[in-house]
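**Student:** Quick one: the structure is below, and I'll ask about it shortly.
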Amino acid sequence: MARGRATDLAVRNQIIQQHQNGICQRQIGRTFSLAQSTVCSIIKRFTTTGNSSPGKAPGRKLTLTGQEVRLFRRHIRKNRHMAIAALVTGARPSFGKAISVTSTRRYIKRCGYAFYKARRKPFLTSSNKCRRVAWAKSHLSWTPSQWKKVMWTDESIYEVSYGNIGRMVIRKKDEANDPSCYKRVVHKTSSMMVWGCLAANGVGNFHFCTGTIKTPDSIRVLEVNLRPSVQRLFGRKRCLFQQDNPRPHTAKITRTKHVPVSEWPAASPDLSPIENIWIILKRNMAQRRPRNIQQLQDYLRKEWEKISTDTLSRLVSSMPKRLAAVIRRTGDVTSW
């Protein structure tokens, strides 16, 4: 039987007051034109819980039993990237019951899950994972002073901002084709590749690259920017040069022409602190929203110079934690 409208709070308080004054339930019901069962329920609820407010209605009976919900939880745990339509199609023959898309979404929420945008991480083969574990174990005994002697270098691409910044829009249901509600995008935006280097005690040179970077271009960038950065950050002290493994970096002429480069496992951006600096710069660029290449260069240079030594020292000092995370996950990607 469906539950009717709840009794007003003021009426419930008066019922409790008259009950405490010794008036019988039948007389209270006549006074407020309520059934005796209603008065009895209010008094019983107040006596049991100390509150006269009605509890949440039980609602409609669930389509799936408790055991079937647990099976459904295990199913979605094993198939996290499955679309909602595929979950519905697979659930119907498994349980022998008709389950709609809406019900499937409710069961996903009941199991403690929800749909989120997956974070982008590099694909790792079994050999990549083995090399990552080996590299992490070989550097696990390094002291903080050894990590402070590493010069980290990398490249990244930044784009000029066009159109609307948000993916969502505030509109009414019938305003889908309102021009003010469209997301304006540009398919081929202007972009620029930048090269940077840093250490635990500060940032080095920041260079803007033009066109495709090939081996001669990479050598020219290192000749112009690496030596002044090393002299400014380390002076006459010895340091270790660290970079990732794109083809211009792994060429023989690059390795023989410059300082020895430490071996680096492929597809390992989570092991390089400079990748976190690129993320910070991209977040700041999304807020500044440069409209042309000149603005992009000016904003990037200002944000690069604003990077604090505390931030760099904290990122470099996190290397032991990164290595431990790689070993703990047997070479798989980490949250860094």
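In the structure tokens, chains take the letters A, B, ... in the order shown, each chain's residues start at 1, and ligands count up from 1 in the order shown.
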For the strand (DSSP E) assignment from backbone DSSP, which residues of segment 55-156 of chain A qualify? Please present them as JSON, numbers by chain.
**Tutor:** {"A": [150, 151, 152, 153, 154, 155, 156]}
**Student:** Need to verify the contact set: Lys97 of chain A, 12 Å, only C-alpha atoms, exclusion of same-chain residues closer than 6 positions in sequence. Can you return it as a ChimeraX atom specification?
**Tutor:** /A:62-65,68,88-91,103-104
**Student:** Pick out the residues sitting within 9 Å of segment 203-210 of chain A, and hand them over as a ChimeraX atom specification; count only C-alpha atoms, and ignore anything fewer than 4 positions along from it in its own chain.
**Tutor:** /A:151,192-199,217,221,225-226,228-230,232-233,297,301,304-305,307-309,312
**Student:** Take the selection from the previous step and output its residues with N, CA, C and O atoms, as an mmCIF file, in the first residue's frame.
**Tutor:**
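That gives us selection.cif:
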data_model
loop_
_atom_site.group_PDB
_atom_site.id
_atom_site.type_symbol
_atom_site.label_atom_id
_atom_site.label_comp_id
_atom_site.auth_asym_id
_atom_site.auth_seq_id
_atom_site.Cartn_x
_atom_site.Cartn_y
_atom_site.Cartn_z
ATOM 1 N N MET A 151 70.306 16.703 -14.500
ATOM 2 C CA MET A 151 69.715 17.744 -15.341
ATOM 3 C C MET A 151 68.639 17.101 -16.210
ATOM 4 O O MET A 151 68.924 16.265 -17.068
ATOM 5 N N MET A 192 53.206 25.199 -30.947
ATOM 6 C CA MET A 192 54.646 25.390 -30.900
ATOM 7 C C MET A 192 55.266 24.380 -29.946
ATOM 8 O O MET A 192 54.727 24.126 -28.866
ATOM 9 N N MET A 193 56.395 23.820 -30.355
ATOM 10 C CA MET A 193 57.143 22.906 -29.493
ATOM 11 C C MET A 193 58.182 23.694 -28.712
ATOM 12 O O MET A 193 58.852 24.574 -29.270
ATOM 13 N N VAL A 194 58.308 23.367 -27.437
ATOM 14 C CA VAL A 194 59.280 24.034 -26.582
ATOM 15 C C VAL A 194 60.222 22.986 -25.992
ATOM 16 O O VAL A 194 59.858 21.829 -25.802
ATOM 17 N N TRP A 195 61.446 23.416 -25.744
ATOM 18 C CA TRP A 195 62.455 22.582 -25.084
ATOM 19 C C TRP A 195 62.845 23.268 -23.790
ATOM 20 O O TRP A 195 63.041 24.493 -23.745
ATOM 21 N N GLY A 196 62.950 22.495 -22.721
ATOM 22 C CA GLY A 196 63.325 23.058 -21.432
ATOM 23 C C GLY A 196 64.174 22.093 -20.649
ATOM 24 O O GLY A 196 64.169 20.880 -20.893
ATOM 25 N N CYS A 197 64.914 22.629 -19.686
ATOM 26 C CA CYS A 197 65.718 21.807 -18.796
ATOM 27 C C CYS A 197 65.642 22.383 -17.396
ATOM 28 O O CYS A 197 65.436 23.591 -17.209
ATOM 29 N N LEU A 198 65.779 21.505 -16.419
ATOM 30 C CA LEU A 198 65.689 21.938 -15.031
ATOM 31 C C LEU A 198 66.452 20.970 -14.141
ATOM 32 O O LEU A 198 66.798 19.859 -14.534
ATOM 33 N N ALA A 199 66.700 21.423 -12.945
ATOM 34 C CA ALA A 199 67.313 20.607 -11.896
ATOM 35 C C ALA A 199 66.611 20.928 -10.588
ATOM 36 O O ALA A 199 65.654 21.724 -10.554
ATOM 37 N N ASP A 217 68.660 19.319 -35.656
ATOM 38 C CA ASP A 217 67.988 20.349 -34.852
ATOM 39 C C ASP A 217 68.158 20.075 -33.367
ATOM 40 O O ASP A 217 68.370 21.002 -32.569
ATOM 41 N N VAL A 221 69.941 22.549 -30.604
ATOM 42 C CA VAL A 221 69.278 23.002 -29.386
ATOM 43 C C VAL A 221 70.141 22.725 -28.163
ATOM 44 O O VAL A 221 70.283 23.568 -27.268
ATOM 45 N N ASN A 225 71.706 25.652 -25.673
ATOM 46 C CA ASN A 225 71.006 25.815 -24.394
ATOM 47 C C ASN A 225 71.541 24.957 -23.259
ATOM 48 O O ASN A 225 71.424 25.343 -22.099
ATOM 49 N N LEU A 226 72.111 23.788 -23.563
ATOM 50 C CA LEU A 226 72.482 22.887 -22.479
ATOM 51 C C LEU A 226 73.695 23.388 -21.686
ATOM 52 O O LEU A 226 73.668 23.428 -20.455
ATOM 53 N N PRO A 228 75.049 26.505 -21.269
ATOM 54 C CA PRO A 228 74.790 27.636 -20.368
ATOM 55 C C PRO A 228 73.937 27.249 -19.156
ATOM 56 O O PRO A 228 74.153 27.763 -18.057
ATOM 57 N N SER A 229 72.998 26.318 -19.350
ATOM 58 C CA SER A 229 72.152 25.892 -18.236
ATOM 59 C C SER A 229 72.967 25.125 -17.208
ATOM 60 O O SER A 229 72.801 25.311 -15.992
ATOM 61 N N VAL A 230 73.863 24.253 -17.684
ATOM 62 C CA VAL A 230 74.701 23.482 -16.754
ATOM 63 C C VAL A 230 75.622 24.408 -15.974
ATOM 64 O O VAL A 230 75.799 24.255 -14.751
ATOM 65 N N ARG A 232 75.125 27.540 -15.246
ATOM 66 C CA ARG A 232 74.358 28.386 -14.323
ATOM 67 C C ARG A 232 73.866 27.599 -13.115
ATOM 68 O O ARG A 232 73.827 28.120 -12.002
ATOM 69 N N LEU A 233 73.454 26.344 -13.311
ATOM 70 C CA LEU A 233 72.856 25.563 -12.223
ATOM 71 C C LEU A 233 73.878 24.758 -11.434
ATOM 72 O O LEU A 233 73.682 24.514 -10.239
ATOM 73 N N GLN A 297 54.137 32.485 -26.683
ATOM 74 C CA GLN A 297 55.541 32.525 -26.283
ATOM 75 C C GLN A 297 55.752 33.395 -25.053
ATOM 76 O O GLN A 297 56.484 33.020 -24.125
ATOM 77 N N ARG A 301 57.046 31.883 -21.420
ATOM 78 C CA ARG A 301 58.312 32.322 -20.822
ATOM 79 C C ARG A 301 58.085 32.887 -19.421
ATOM 80 O O ARG A 301 58.865 32.635 -18.495
ATOM 81 N N TRP A 304 57.374 29.964 -17.095
ATOM 82 C CA TRP A 304 58.593 29.185 -16.867
ATOM 83 C C TRP A 304 59.485 29.873 -15.825
ATOM 84 O O TRP A 304 60.058 29.215 -14.954
ATOM 85 N N GLU A 305 59.594 31.182 -15.924
ATOM 86 C CA GLU A 305 60.427 31.913 -14.970
ATOM 87 C C GLU A 305 59.802 31.982 -13.586
ATOM 88 O O GLU A 305 60.506 32.232 -12.601
ATOM 89 N N ILE A 307 58.423 29.456 -12.013
ATOM 90 C CA ILE A 307 58.507 28.167 -11.319
ATOM 91 C C ILE A 307 59.461 28.297 -10.138
ATOM 92 O O ILE A 307 60.621 28.696 -10.300
ATOM 93 N N SER A 308 58.986 27.950 -8.966
ATOM 94 C CA SER A 308 59.774 28.136 -7.753
ATOM 95 C C SER A 308 60.743 26.972 -7.533
ATOM 96 O O SER A 308 60.526 25.848 -8.012
ATOM 97 N N THR A 309 61.789 27.268 -6.782
ATOM 98 C CA THR A 309 62.760 26.225 -6.431
ATOM 99 C C THR A 309 62.148 25.182 -5.513
ATOM 100 O O THR A 309 62.523 23.999 -5.570
ATOM 101 N N LEU A 312 60.435 22.581 -7.669
ATOM 102 C CA LEU A 312 61.402 21.700 -8.324
ATOM 103 C C LEU A 312 62.027 20.728 -7.331
ATOM 104 O O LEU A 312 62.179 19.535 -7.621
#
**Student:** What's around segment 269-276 of chain A at 9 Å? Count only C-alpha atoms, leave out sequence neighbours fewer than 6 positions away in its own chain, and write the answer as a list in words.
**Tutor:**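 Listed by chain and then number, they are Pro122, Trp152, Thr153, Asp154, Ser156, Gly196, Cys197, Leu198, Ala199, Gln242, Gln243, Asp244, Leu312, Leu315, Val316, Ser318, Met319, Arg322, Leu323, Val326, Val333, Thr334, Ser335 and Trp336 of chain A.
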**Student:** Between A:Ser141, A:Ser126, A:Gln67, A:Ser191, which has the minimum distance to Ala324 of chain A (counting only C-alpha atoms)?
**Tutor:**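 Using only C-alpha atoms, the shortest distance to Ala324 of chain A belongs to A:Ser141.
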**Student:** From the list A:Ser138, A:Gln295, A:Ser190, A:Thr143, which residue is nearest Ser262 of chain A when using only C-alpha atoms?
**Tutor:**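 Smallest separation from Ser262 of chain A among the options: A:Ser138.
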**Student:** Using only C-alpha atoms, find the one residue out of A:Val39, A:Ile279, A:Leu222, A:Ile76 that sits nearest to Phe115 of chain A.
**Tutor:** A:Ile76
**Student:** A:Pro144, A:Pro290, A:Gly202, A:Gly66: which is nearest Arg110 of chain A, counting only C-alpha atoms?
**Tutor:**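 Using only C-alpha atoms, the shortest distance to Arg110 of chain A belongs to A:Gly66.
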**Student:** Choose the residue, out of A:Lys148, A:Gln294, A:Glu159, A:Trp264, that has the smallest atom-to-atom separation from Phe234 of chain A; count only C-alpha atoms.
**Tutor:**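 Once distances to Phe234 of chain A are computed over only C-alpha atoms, the minimum belongs to A:Lys148.
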**Student:** Separation of atom CA of Ala118 of chain A and atom CA of Lys321 of chain A, in Å?
**Tutor:**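 Atom-to-atom, atom CA of Ala118 of chain A and atom CA of Lys321 of chain A are spaced 23.3 Å apart.
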